[in-house]
>>> print(open('upload.tsv').read())   # TSV, C-alpha atoms and all ligand atoms
chain	number	residue	atom	x	y	z
A	1390	MET	CA	24.27	-15.91	14.20
A	1391	PHE	CA	26.17	-13.05	12.59
A	1392	GLU	CA	27.89	-14.88	9.73
A	1393	ARG	CA	25.56	-13.52	7.05
A	1394	LEU	CA	25.92	-9.90	7.98
A	1395	LYS	CA	27.80	-7.62	5.59
A	1396	PRO	CA	29.65	-4.59	6.88
A	1397	VAL	CA	27.88	-1.26	6.45
A	1398	GLY	CA	29.75	1.90	5.49
A	1399	MET	CA	29.84	4.66	8.08
A	1400	ASP	CA	27.61	7.68	7.68
A	1401	PRO	CA	29.56	10.06	5.37
A	1402	ILE	CA	29.58	12.98	7.82
A	1403	LEU	CA	30.78	10.83	10.72
A	1404	ALA	CA	33.34	9.08	8.47
A	1405	LEU	CA	34.77	12.48	7.56
A	1406	MET	CA	34.88	13.43	11.24
A	1407	ALA	CA	36.92	10.27	11.96
A	1408	ALA	CA	39.26	10.95	9.01
A	1409	PHE	CA	39.84	14.50	10.25
A	1410	ARG	CA	40.71	13.27	13.74
A	1411	ALA	CA	43.19	10.77	12.28
A	1412	ASP	CA	44.98	13.44	10.19
A	1413	ASP	CA	48.10	14.65	12.02
A	1414	ARG	CA	48.72	17.79	9.95
A	1415	THR	CA	48.70	20.79	12.27
A	1416	ASN	CA	47.16	23.15	9.70
A	1417	LYS	CA	44.18	20.88	8.95
A	1418	ILE	CA	40.74	22.51	8.88
A	1419	ASP	CA	37.44	20.82	9.77
A	1420	LEU	CA	34.50	22.16	7.76
A	1421	GLY	CA	32.65	18.84	8.01
A	1422	VAL	CA	30.41	17.85	10.90
A	1423	GLY	CA	27.99	20.51	12.12
A	1424	VAL	CA	29.63	21.42	15.40
A	1425	TYR	CA	30.30	25.05	16.37
A	1426	GLN	CA	33.91	26.16	16.76
A	1427	ASP	CA	35.02	29.48	18.21
A	1428	ASP	CA	37.67	31.75	16.72
A	1429	ARG	CA	40.37	29.54	18.26
A	1430	GLY	CA	38.94	26.42	16.66
A	1431	ARG	CA	37.61	25.02	19.93
A	1432	THR	CA	34.13	23.81	20.81
A	1433	PRO	CA	33.93	25.02	24.40
A	1434	VAL	CA	31.13	24.30	26.84
A	1435	MET	CA	29.03	27.49	26.97
A	1436	ALA	CA	29.62	29.50	30.17
A	1437	SER	CA	25.88	29.44	30.94
A	1438	VAL	CA	25.92	25.64	30.61
A	1439	LYS	CA	28.96	25.42	32.91
A	1440	GLU	CA	27.17	27.57	35.47
A	1441	ALA	CA	24.03	25.43	35.22
A	1442	GLU	CA	26.20	22.33	35.67
A	1443	ALA	CA	27.69	23.79	38.85
A	1444	GLN	CA	24.17	24.45	40.17
A	1445	LEU	CA	23.04	20.98	39.17
A	1446	MET	CA	25.96	19.37	41.00
A	1447	ALA	CA	24.84	21.13	44.16
A	1448	LEU	CA	21.11	20.59	43.64
A	1449	GLU	CA	20.91	17.07	42.31
A	1450	THR	CA	19.80	14.62	44.96
A	1451	THR	CA	19.09	11.49	42.94
A	1452	LYS	CA	19.82	9.60	39.75
A	1453	ALA	CA	16.59	7.61	39.97
A	1454	TYR	CA	14.58	7.11	36.76
A	1455	GLN	CA	12.87	10.23	35.50
A	1456	GLY	CA	10.04	8.73	33.48
A	1457	ILE	CA	9.38	7.99	29.82
A	1458	ALA	CA	8.53	11.59	28.88
A	1459	GLY	CA	11.65	12.95	30.56
A	1460	ASP	CA	11.63	16.09	32.68
A	1461	PRO	CA	8.19	17.82	32.64
A	1462	ASP	CA	9.77	21.20	33.41
A	1463	TYR	CA	12.13	20.84	30.43
A	1464	ASN	CA	9.23	19.88	28.17
A	1465	GLN	CA	7.28	22.95	29.24
A	1466	ARG	CA	10.26	25.27	28.77
A	1467	ILE	CA	11.03	23.84	25.34
A	1468	LEU	CA	7.46	24.53	24.29
A	1469	GLN	CA	7.87	28.13	25.40
A	1470	LEU	CA	11.16	28.40	23.53
A	1471	LEU	CA	9.66	27.00	20.35
A	1472	PHE	CA	6.40	28.92	20.43
A	1473	GLY	CA	7.12	31.94	22.63
A	1474	ALA	CA	5.59	32.18	26.10
A	1475	ASP	CA	2.26	33.62	24.93
A	1476	HIS	CA	1.30	31.48	21.94
A	1477	SER	CA	-2.35	30.43	22.16
A	1478	ILE	CA	-1.51	26.83	21.22
A	1479	LEU	CA	0.17	26.36	24.62
A	1480	ASP	CA	-3.14	26.55	26.50
A	1481	SER	CA	-5.20	24.77	23.86
A	1482	GLY	CA	-4.78	21.22	25.16
A	1483	ARG	CA	-3.92	20.30	21.54
A	1484	ILE	CA	-0.17	20.07	22.06
A	1485	LYS	CA	2.12	17.51	23.71
A	1486	THR	CA	5.90	17.36	24.00
A	1487	ILE	CA	8.09	14.59	25.20
A	1488	GLN	CA	11.82	14.76	25.79
A	1489	ALA	CA	13.83	12.65	23.35
A	1490	PRO	CA	17.48	11.61	22.98
A	1491	GLY	CA	18.64	14.47	20.73
A	1492	GLY	CA	17.04	15.74	17.54
A	1493	SER	CA	17.67	12.35	15.92
A	1494	GLY	CA	15.82	10.52	18.70
A	1495	ALA	CA	12.99	13.02	18.33
A	1496	LEU	CA	12.78	12.42	14.58
A	1497	ARG	CA	12.72	8.69	15.18
A	1498	VAL	CA	9.91	8.84	17.73
A	1499	GLY	CA	7.97	11.11	15.37
A	1500	ALA	CA	8.48	8.68	12.49
A	1501	GLU	CA	7.38	5.66	14.54
A	1502	VAL	CA	4.22	7.45	15.64
A	1503	ILE	CA	3.46	8.39	12.03
A	1504	VAL	CA	3.79	4.74	10.99
A	1505	ARG	CA	1.44	3.71	13.82
A	1506	ALA	CA	-1.06	6.43	12.90
A	1507	ARG	CA	-1.08	5.99	9.16
A	1508	PRO	CA	1.19	3.27	7.75
A	1509	ASP	CA	0.44	4.24	4.14
A	1510	ALA	CA	1.23	7.92	4.55
A	1511	LYS	CA	4.20	9.24	2.60
A	1512	LEU	CA	6.71	11.67	3.98
A	1513	TRP	CA	7.84	14.21	1.37
A	1514	VAL	CA	11.45	15.20	1.88
A	1515	GLY	CA	13.18	18.14	0.16
A	1516	VAL	CA	16.16	17.50	-2.11
A	1517	PRO	CA	18.74	17.89	-0.78
A	1518	THR	CA	18.25	17.33	2.91
A	1519	TRP	CA	20.38	16.28	5.90
A	1520	PRO	CA	21.93	12.99	4.68
A	1521	ASN	CA	20.64	11.08	7.71
A	1522	HIS	CA	17.01	12.11	7.31
A	1523	ILE	CA	16.10	9.42	4.83
A	1524	PRO	CA	17.97	6.52	6.54
A	1525	LEU	CA	16.67	7.55	9.96
A	1526	LEU	CA	13.04	8.13	9.00
A	1527	GLY	CA	12.89	5.49	6.28
A	1528	SER	CA	14.21	2.73	8.54
A	1529	ALA	CA	11.34	3.44	10.93
A	1530	GLY	CA	9.09	2.28	8.09
A	1531	VAL	CA	8.00	5.67	6.75
A	1532	ASN	CA	7.49	5.77	2.98
A	1533	ILE	CA	9.67	8.51	1.55
A	1534	GLU	CA	8.91	10.73	-1.46
A	1535	GLU	CA	10.96	13.69	-2.60
A	1536	TYR	CA	10.24	17.28	-3.57
A	1537	PRO	CA	12.74	19.66	-5.22
A	1538	TYR	CA	14.16	22.25	-2.82
A	1539	TYR	CA	17.43	23.79	-3.96
A	1540	ASN	CA	18.88	24.74	-7.32
A	1541	LEU	CA	22.64	24.22	-7.31
A	1542	ASN	CA	23.10	26.40	-10.39
A	1543	ASP	CA	21.84	29.65	-8.92
A	1544	HIS	CA	22.14	28.62	-5.23
A	1545	GLN	CA	18.53	29.56	-4.53
A	1546	ILE	CA	15.50	27.63	-3.35
A	1547	ASP	CA	13.76	26.22	-6.41
A	1548	VAL	CA	10.51	27.84	-5.34
A	1549	ASP	CA	8.41	27.08	-8.42
A	1550	ALA	CA	9.39	23.41	-8.60
A	1551	MET	CA	8.91	23.01	-4.85
A	1552	MET	CA	5.47	24.62	-4.78
A	1553	THR	CA	4.35	22.71	-7.87
A	1554	THR	CA	5.23	19.40	-6.22
A	1555	LEU	CA	3.78	20.34	-2.84
A	1556	ALA	CA	0.54	21.38	-4.57
A	1557	GLN	CA	0.13	17.70	-5.53
A	1558	VAL	CA	0.82	16.13	-2.14
A	1559	PRO	CA	-2.23	14.07	-1.16
A	1560	ALA	CA	-4.24	14.59	2.02
A	1561	GLY	CA	-2.83	12.69	4.98
A	1562	ASP	CA	0.77	12.69	3.72
A	1563	MET	CA	3.47	14.59	5.58
A	1564	VAL	CA	5.99	17.17	4.37
A	1565	LEU	CA	9.37	17.48	6.06
A	1566	LEU	CA	10.51	21.10	6.49
A	1567	HIS	CA	13.60	22.57	8.14
A	1568	GLY	CA	12.55	25.10	10.80
A	1569	CYS	CA	15.55	27.33	10.04
A	1570	CYS	CA	19.22	27.15	9.01
A	1571	HIS	CA	18.56	24.56	6.33
A	1572	ASN	CA	20.97	21.65	6.48
A	1573	PRO	CA	22.83	21.26	4.10
A	1574	THR	CA	22.11	24.35	1.96
A	1575	GLY	CA	21.67	27.27	4.39
A	1576	ALA	CA	18.83	28.44	2.10
A	1577	ASP	CA	15.88	29.18	4.37
A	1578	LEU	CA	12.25	29.68	3.46
A	1579	SER	CA	11.16	33.30	3.65
A	1580	ASN	CA	8.17	34.11	5.87
A	1581	GLU	CA	6.07	34.49	2.71
A	1582	GLN	CA	7.11	31.02	1.52
A	1583	TRP	CA	6.21	29.55	4.91
A	1584	ASP	CA	2.79	31.20	4.55
A	1585	GLN	CA	2.35	29.74	1.07
A	1586	ILE	CA	3.23	26.25	2.29
A	1587	ALA	CA	0.71	26.63	5.12
A	1588	ASP	CA	-1.91	27.64	2.49
A	1589	LEU	CA	-1.10	24.49	0.53
A	1590	ALA	CA	-1.20	22.32	3.67
A	1591	LEU	CA	-4.69	23.64	4.44
A	1592	GLU	CA	-5.86	23.26	0.87
A	1593	ARG	CA	-4.40	19.80	0.31
A	1594	GLY	CA	-4.66	18.40	3.85
A	1595	PHE	CA	-1.02	17.43	4.28
A	1596	ILE	CA	0.76	17.70	7.62
A	1597	PRO	CA	4.12	19.47	8.09
A	1598	PHE	CA	6.83	17.62	10.02
A	1599	ILE	CA	9.28	20.36	11.03
A	1600	ASP	CA	12.85	19.52	12.03
A	1601	THR	CA	14.27	22.45	13.96
A	1602	ALA	CA	17.83	21.88	15.13
A	1603	TYR	CA	19.29	25.39	14.89
A	1604	GLN	CA	16.86	27.80	16.56
A	1605	GLY	CA	18.81	30.98	17.32
A	1606	LEU	CA	21.63	30.38	14.84
A	1607	GLY	CA	19.86	32.01	11.87
A	1608	ASP	CA	18.28	35.40	12.62
A	1609	GLY	CA	17.35	35.02	16.31
A	1610	LEU	CA	15.34	32.79	18.64
A	1611	ASP	CA	11.97	34.33	17.71
A	1612	GLU	CA	12.72	35.00	14.04
A	1613	ASP	CA	13.86	31.40	13.51
A	1614	ALA	CA	10.57	30.07	14.87
A	1615	TYR	CA	8.33	32.02	12.48
A	1616	GLY	CA	7.24	28.95	10.49
A	1617	ILE	CA	6.51	26.83	13.55
A	1618	ARG	CA	4.51	29.54	15.30
A	1619	MET	CA	2.53	30.54	12.23
A	1620	MET	CA	1.73	26.93	11.33
A	1621	ALA	CA	0.58	26.19	14.90
A	1622	ASP	CA	-1.77	29.17	14.54
A	1623	ARG	CA	-3.22	28.04	11.27
A	1624	LEU	CA	-3.01	24.26	10.91
A	1625	PRO	CA	-4.85	21.51	12.76
A	1626	GLU	CA	-1.89	19.13	12.93
A	1627	LEU	CA	1.88	19.47	13.11
A	1628	VAL	CA	4.88	17.42	14.23
A	1629	ILE	CA	8.07	19.17	15.41
A	1630	ALA	CA	11.41	17.56	16.22
A	1631	SER	CA	13.73	19.92	18.06
A	1632	SER	CA	17.27	19.76	19.35
A	1633	CYS	CA	19.43	21.56	21.93
A	1634	SER	CA	22.66	20.20	20.41
A	1635	LYS	CA	23.63	23.36	18.56
A	1636	ASN	CA	21.96	26.27	20.36
A	1637	PHE	CA	23.04	25.06	23.82
A	1638	GLY	CA	26.18	23.25	22.55
A	1639	LEU	CA	24.93	20.05	24.21
A	1640	TYR	CA	25.79	17.73	21.32
A	1641	ARG	CA	26.90	14.66	23.27
A	1642	GLU	CA	24.22	15.05	25.94
A	1643	ARG	CA	21.50	14.04	23.44
A	1644	THR	CA	18.94	16.65	24.37
A	1645	GLY	CA	15.91	16.97	22.13
A	1646	SER	CA	12.14	16.79	22.10
A	1647	ILE	CA	9.27	15.74	19.92
A	1648	THR	CA	6.10	17.83	19.82
A	1649	PHE	CA	2.73	16.94	18.38
A	1650	VAL	CA	-0.01	19.44	17.61
A	1651	THR	CA	-3.28	17.61	17.09
A	1652	ASP	CA	-6.80	18.44	16.01
A	1653	THR	CA	-8.36	17.87	19.43
A	1654	SER	CA	-7.14	17.54	23.02
A	1655	GLU	CA	-8.35	13.90	23.11
A	1656	GLN	CA	-6.07	13.15	20.16
A	1657	ALA	CA	-3.17	14.90	21.87
A	1658	ASP	CA	-3.43	12.53	24.84
A	1659	ILE	CA	-3.61	9.50	22.56
A	1660	VAL	CA	-0.65	10.61	20.43
A	1661	ALA	CA	1.43	11.29	23.57
A	1662	SER	CA	0.61	7.81	24.87
A	1663	GLN	CA	1.77	6.33	21.55
A	1664	ALA	CA	4.98	8.38	21.58
A	1665	MET	CA	5.70	7.18	25.10
A	1666	ALA	CA	5.06	3.59	24.05
A	1667	VAL	CA	7.59	4.05	21.22
A	1668	ALA	CA	10.10	5.46	23.70
A	1669	ARG	CA	9.53	2.63	26.18
A	1670	GLN	CA	9.97	0.03	23.46
A	1671	THR	CA	13.21	1.54	22.14
A	1672	TYR	CA	15.32	3.44	24.69
A	1673	SER	CA	12.84	3.38	27.61
A	1674	MET	CA	13.70	6.84	28.93
A	1675	PRO	CA	15.74	9.78	27.66
A	1676	PRO	CA	19.04	10.83	29.27
A	1677	ALA	CA	18.52	13.46	31.98
A	1678	HIS	CA	21.63	15.62	32.22
A	1679	GLY	CA	21.27	17.92	29.19
A	1680	ALA	CA	17.56	18.50	29.75
A	1681	LEU	CA	18.12	19.44	33.39
A	1682	LEU	CA	20.69	22.01	32.28
A	1683	VAL	CA	18.36	23.50	29.68
A	1684	SER	CA	15.62	23.63	32.25
A	1685	LEU	CA	17.86	25.46	34.72
A	1686	ILE	CA	19.04	27.95	32.09
A	1687	LEU	CA	15.61	28.74	30.69
A	1688	GLY	CA	14.12	28.97	34.19
A	1689	ASP	CA	16.60	31.50	35.56
A	1690	GLN	CA	16.51	35.07	34.30
A	1691	GLN	CA	20.25	35.69	34.64
A	1692	LEU	CA	21.33	32.35	33.19
A	1693	ARG	CA	18.95	32.76	30.31
A	1694	ALA	CA	20.23	36.25	29.56
A	1695	ASN	CA	23.82	34.94	29.62
A	1696	TRP	CA	22.91	32.07	27.34
A	1697	GLU	CA	21.17	34.38	24.87
A	1698	THR	CA	24.27	36.60	24.81
A	1699	GLU	CA	26.46	33.59	24.06
A	1700	LEU	CA	24.08	32.40	21.38
A	1701	THR	CA	24.14	35.84	19.78
A	1702	GLU	CA	27.94	35.66	19.70
A	1703	VAL	CA	27.75	32.27	17.97
A	1704	ARG	CA	25.30	33.58	15.38
A	1705	THR	CA	27.25	36.77	14.75
A	1706	ARG	CA	30.56	34.96	14.43
A	1707	ILE	CA	29.18	32.52	11.88
A	1708	GLN	CA	27.71	35.39	9.86
A	1709	SER	CA	31.01	37.25	9.86
A	1710	MET	CA	32.83	34.10	8.68
A	1711	ARG	CA	30.26	33.80	5.88
A	1712	ASN	CA	31.03	37.35	4.77
A	1713	LEU	CA	34.77	36.90	5.06
A	1714	LEU	CA	34.89	33.65	3.10
A	1715	ALA	CA	32.62	34.91	0.34
A	1716	ASP	CA	34.67	38.10	-0.06
A	1717	ASN	CA	37.98	36.22	-0.01
A	1718	ILE	CA	37.14	33.66	-2.68
A	1719	GLN	CA	34.99	35.87	-4.92
A	1720	GLN	CA	38.05	36.66	-7.09
A	1721	ASN	CA	38.79	33.28	-8.67
A	1722	ALA	CA	40.01	32.14	-12.05
A	1723	ALA	CA	36.83	30.16	-12.71
A	1724	GLY	CA	34.70	33.30	-12.23
A	1725	ILE	CA	32.40	31.51	-9.75
A	1726	ASP	CA	30.07	33.74	-7.76
A	1727	PHE	CA	30.03	32.91	-4.04
A	1728	SER	CA	27.77	35.73	-2.88
A	1729	HIS	CA	25.05	33.23	-1.90
A	1730	ILE	CA	27.16	32.32	1.15
A	1731	LYS	CA	26.52	35.78	2.59
A	1732	GLN	CA	22.77	35.54	2.21
A	1733	GLN	CA	22.30	32.06	3.63
A	1734	LYS	CA	21.71	31.18	7.28
A	1735	GLY	CA	23.08	28.93	9.98
A	1736	MET	CA	26.10	26.68	9.90
A	1737	PHE	CA	26.05	25.47	6.31
A	1738	SER	CA	26.30	26.45	2.65
A	1739	PHE	CA	27.25	24.61	-0.50
A	1740	LEU	CA	30.47	25.73	-2.17
A	1741	GLY	CA	29.55	23.94	-5.40
A	1742	LEU	CA	32.97	22.29	-5.79
A	1743	ASN	CA	33.29	18.96	-7.58
A	1744	THR	CA	34.65	15.71	-6.16
A	1745	ASP	CA	38.13	16.21	-7.60
A	1746	GLN	CA	38.38	19.66	-6.07
A	1747	LEU	CA	37.15	18.40	-2.69
A	1748	ASP	CA	39.61	15.46	-2.80
A	1749	GLN	CA	42.41	17.88	-3.63
A	1750	LEU	CA	41.45	20.13	-0.72
A	1751	ARG	CA	41.47	17.18	1.67
A	1752	GLU	CA	44.57	15.39	0.39
A	1753	ASP	CA	46.82	18.32	-0.51
A	1754	HIS	CA	45.61	20.96	1.94
A	1755	GLY	CA	44.12	19.05	4.92
A	1756	ILE	CA	40.73	20.77	4.44
A	1757	TYR	CA	37.78	18.50	5.22
A	1758	ILE	CA	34.45	19.16	3.46
A	1759	VAL	CA	31.63	16.62	2.97
A	1760	SER	CA	31.18	15.27	-0.55
A	1761	SER	CA	28.12	17.40	-1.31
A	1762	SER	CA	30.52	20.39	-0.90
A	1763	ARG	CA	28.60	21.47	2.22
A	1764	VAL	CA	30.86	23.59	4.40
A	1765	ASN	CA	30.42	24.26	8.09
A	1766	LEU	CA	31.16	27.99	8.23
A	1767	ALA	CA	31.75	27.73	11.99
A	1768	GLY	CA	34.98	25.85	11.25
A	1769	ILE	CA	36.49	29.06	9.83
A	1770	ASN	CA	38.44	31.42	12.08
A	1771	SER	CA	40.79	34.38	11.83
A	1772	GLY	CA	43.77	32.01	12.00
A	1773	ASN	CA	42.76	29.76	9.10
A	1774	ILE	CA	40.77	32.03	6.77
A	1775	GLY	CA	43.80	33.08	4.72
A	1776	TYR	CA	45.06	29.56	4.14
A	1777	LEU	CA	41.53	28.27	3.52
A	1778	SER	CA	40.66	30.95	0.96
A	1779	ASP	CA	43.96	30.55	-0.89
A	1780	SER	CA	43.49	26.77	-0.98
A	1781	ILE	CA	39.92	27.02	-2.33
A	1782	VAL	CA	40.95	29.56	-4.97
A	1783	SER	CA	43.89	27.33	-5.97
A	1784	VAL	CA	41.71	24.25	-6.61
A	1785	LEU	CA	39.32	26.36	-8.68
A	1786	GLY	CA	42.21	26.66	-11.16
A	1801	LIG	C1	25.56	17.57	10.72
A	1801	LIG	O1	24.71	17.61	9.84
A	1801	LIG	O2	26.78	17.65	10.50
A	1801	LIG	C2	25.12	17.42	12.16
A	1801	LIG	O3	23.75	17.48	12.25
A	1801	LIG	C3	25.71	16.23	12.83
A	1801	LIG	C4	25.17	14.93	12.33
A	1801	LIG	O4	24.77	14.12	13.17
A	1801	LIG	O5	25.16	14.67	11.11
>>> encode(input="upload.tsv", output="structure tokens", more="lines below")
Ligand code: LMR
Amino acid sequence: MFERLKPVGMDPILALMAAFRADDRTNKIDLGVGVYQDDRGRTPVMASVKEAEAQLMALETTKAYQGIAGDPDYNQRILQLLFGADHSILDSGRIKTIQAPGGSGALRVGAEVIVRARPDAKLWVGVPTWPNHIPLLGSAGVNIEEYPYYNLNDHQIDVDAMMTTLAQVPAGDMVLLHGCCHNPTGADLSNEQWDQIADLALERGFIPFIDTAYQGLGDGLDEDAYGIRMMADRLPELVIASSCSKNFGLYRERTGSITFVTDTSEQADIVASQAMAVARQTYSMPPAHGALLVSLILGDQQLRANWETELTEVRTRIQSMRNLLADNIQQNAAGIDFSHIKQQKGMFSFLGLNTDQLDQLREDHGIYIVSSSRVNLAGINSGNIGYLSDSIVSVLG
């Protein structure tokens, strides 16, 4: 049966995570996988999540199956988080959300529905993007095309090249966009650029597929949803994959959702039935625990306020680590300008180091950075910033 199979290499981000865990140096630093760490280098369970867990322990009366679409209350609350409580789309009948196993599960369900809807459609993906986007979406059978996104030389979005390519996307194709906190570059679309892409989508007839995994880690919960909310106002169709891994710290609980905005309410019902068929034929039903916690937090005024305070601390800490790192490594023999790190958003930025420099950082200094030179700024803390900055400056020559 299995004799013809060849081994497959591990995903580069997860391989780096395993290598970091196996390293027994005490001064090692993990700037790899996108997981938040506090100033003591820990990834604690948020206090609001702990409190919700205590309530859930007391409240939960059954572990019986929940249903293919997951928890209806969670789905409703996620819609309100994504769009704001008063967005007109919520009462339009043109929108459906189903709970999915994490942001990745959501992307997969979205991709499978796209293939069912329009097998010839292409999905245009920015370069670079999260390294798992293309394997995950492509292996669902979606045809992938690329559009330029980021210029490594000036560390800015390559706006002209991006818009020129998007202006040629045919009607019925889809364009993958990052809702906020672009992974891996940290270079987010401005509100004006979101507006311009919406203009193009209307003009050309393409459909945005928005992956939003970091709402609240960029500028704030509402600010980070600008593109989603504006596009739902203006466009007939939209697909949104969202995740609670980062903003609720629920990584291993696999808590996400997939949302479809359709032209008519009849289509919304049909699309939801297709998404549920995909779910049933793959994982059957999503895991319950994380979604029940999110539902409890968003449904309770005090818990929600506590969670928002914690999320603000996360966002502020990452921004201060951005500033600190950029300032510390700005003086370097190679004369490289790192000021882009201060302007970018969310967990990631590119350092722009080459493979030799990254190997040297890992082997000689125990500093783990993925091969694109994407750093997770949340891995920096007051205890390691000095050593980290000195090490980076030293490999720059
Ligand atoms: C990352 O990009 O590091 C995270 O989204 C984790 C992952 O699954 O790759």
>>> closest_residue(input="upload.tsv", among="A:His1567, A:Arg1763, A:Lys1731, A:Arg1643", to="A:Ala1489", atoms="all atoms listed in the file")
A:Arg1643
>>> residues_near_ligand(input="upload.tsv", ligand="ligand LIG 1801 (chain A)", cutoff="12 Å", atoms="all atoms listed in the file", output="ChimeraX atom specification")
/A:1399-1406,1419-1425,1491-1494,1518-1522,1524-1525,1570-1575,1600-1603,1631-1635,1638,1640-1641,1643,1735-1738,1758-1759,1761,1763-1768
>>> closest_residue(input="upload.tsv", among="A:Ile1418, A:Ala1436, A:Leu1624, A:Val1504", to="A:Glu1697", atoms="all atoms listed in the file")
A:Ala1436
>>> residues_around(input="upload.tsv", residues="A:Glu1440", least_positions_apart="5", cutoff="12 Å", atoms="all atoms listed in the file", output="list in words")
Val1434, Met1435, Leu1445, Met1446, Ala1447, Leu1682, Val1683, Leu1685, Ile1686, Asp1689, Gln1691, Leu1692, Arg1693, Asn1695 and Trp1696 of chain A
>>> residues_near_point(input="upload.tsv", point="(24.9, 35.2, -6.7)", cutoff="10 Å", atoms="all atoms listed in the file", output="short mmCIF file (atom, residue, chain, number, x, y, z; two decimals) with C-alpha atoms, keeping the file's coordinate frame")
data_model
loop_
_atom_site.label_atom_id
_atom_site.label_comp_id
_atom_site.auth_asym_id
_atom_site.auth_seq_id
_atom_site.Cartn_x
_atom_site.Cartn_y
_atom_site.Cartn_z
CA ASN A 1542 23.10 26.40 -10.39
CA ASP A 1543 21.84 29.65 -8.92
CA HIS A 1544 22.14 28.62 -5.23
CA GLN A 1545 18.53 29.56 -4.53
CA ILE A 1725 32.40 31.51 -9.75
CA ASP A 1726 30.07 33.74 -7.76
CA PHE A 1727 30.03 32.91 -4.04
CA SER A 1728 27.77 35.73 -2.88
CA HIS A 1729 25.05 33.23 -1.90
CA ILE A 1730 27.16 32.32 1.15
CA LYS A 1731 26.52 35.78 2.59
CA GLN A 1732 22.77 35.54 2.21
#
>>> atom_distance(input="upload.tsv", atom1="atom CA of A:Glu1752", atom2="atom CA of A:Asn1773")
16.9 Å
>>> closest_residue(input="upload.tsv", among="A:Val1660, A:Ala1715, A:Asp1622, A:Glu1699", to="A:Asp1475", atoms="all atoms listed in the file")
A:Asp1622
>>> closest_residue(input="upload.tsv", among="A:Ala1529, A:Cys1569, A:Ala1408, A:Ala1664", to="A:Thr1486", atoms="all atoms listed in the file")
A:Ala1664
>>> closest_residue(input="upload.tsv", among="A:Gln1719, A:Thr1554, A:Ser1684, A:Asn1743", to="A:Ile1586", atoms="all atoms listed in the file")
A:Thr1554
>>> residues_around(input="upload.tsv", residues="A:Pro1676", least_positions_apart="5", cutoff="12 Å", atoms="only C-alpha atoms", output="PyMOL selection string")
chain A and resi 1452-1460+1488-1491+1494+1641-1646+1668+1681-1682
>>> residues_around(input="upload.tsv", residues="A:Arg1429", least_positions_apart="2", cutoff="8 Å", atoms="only C-alpha atoms", output="ChimeraX atom specification")
/A:1426-1427,1431,1770,1772
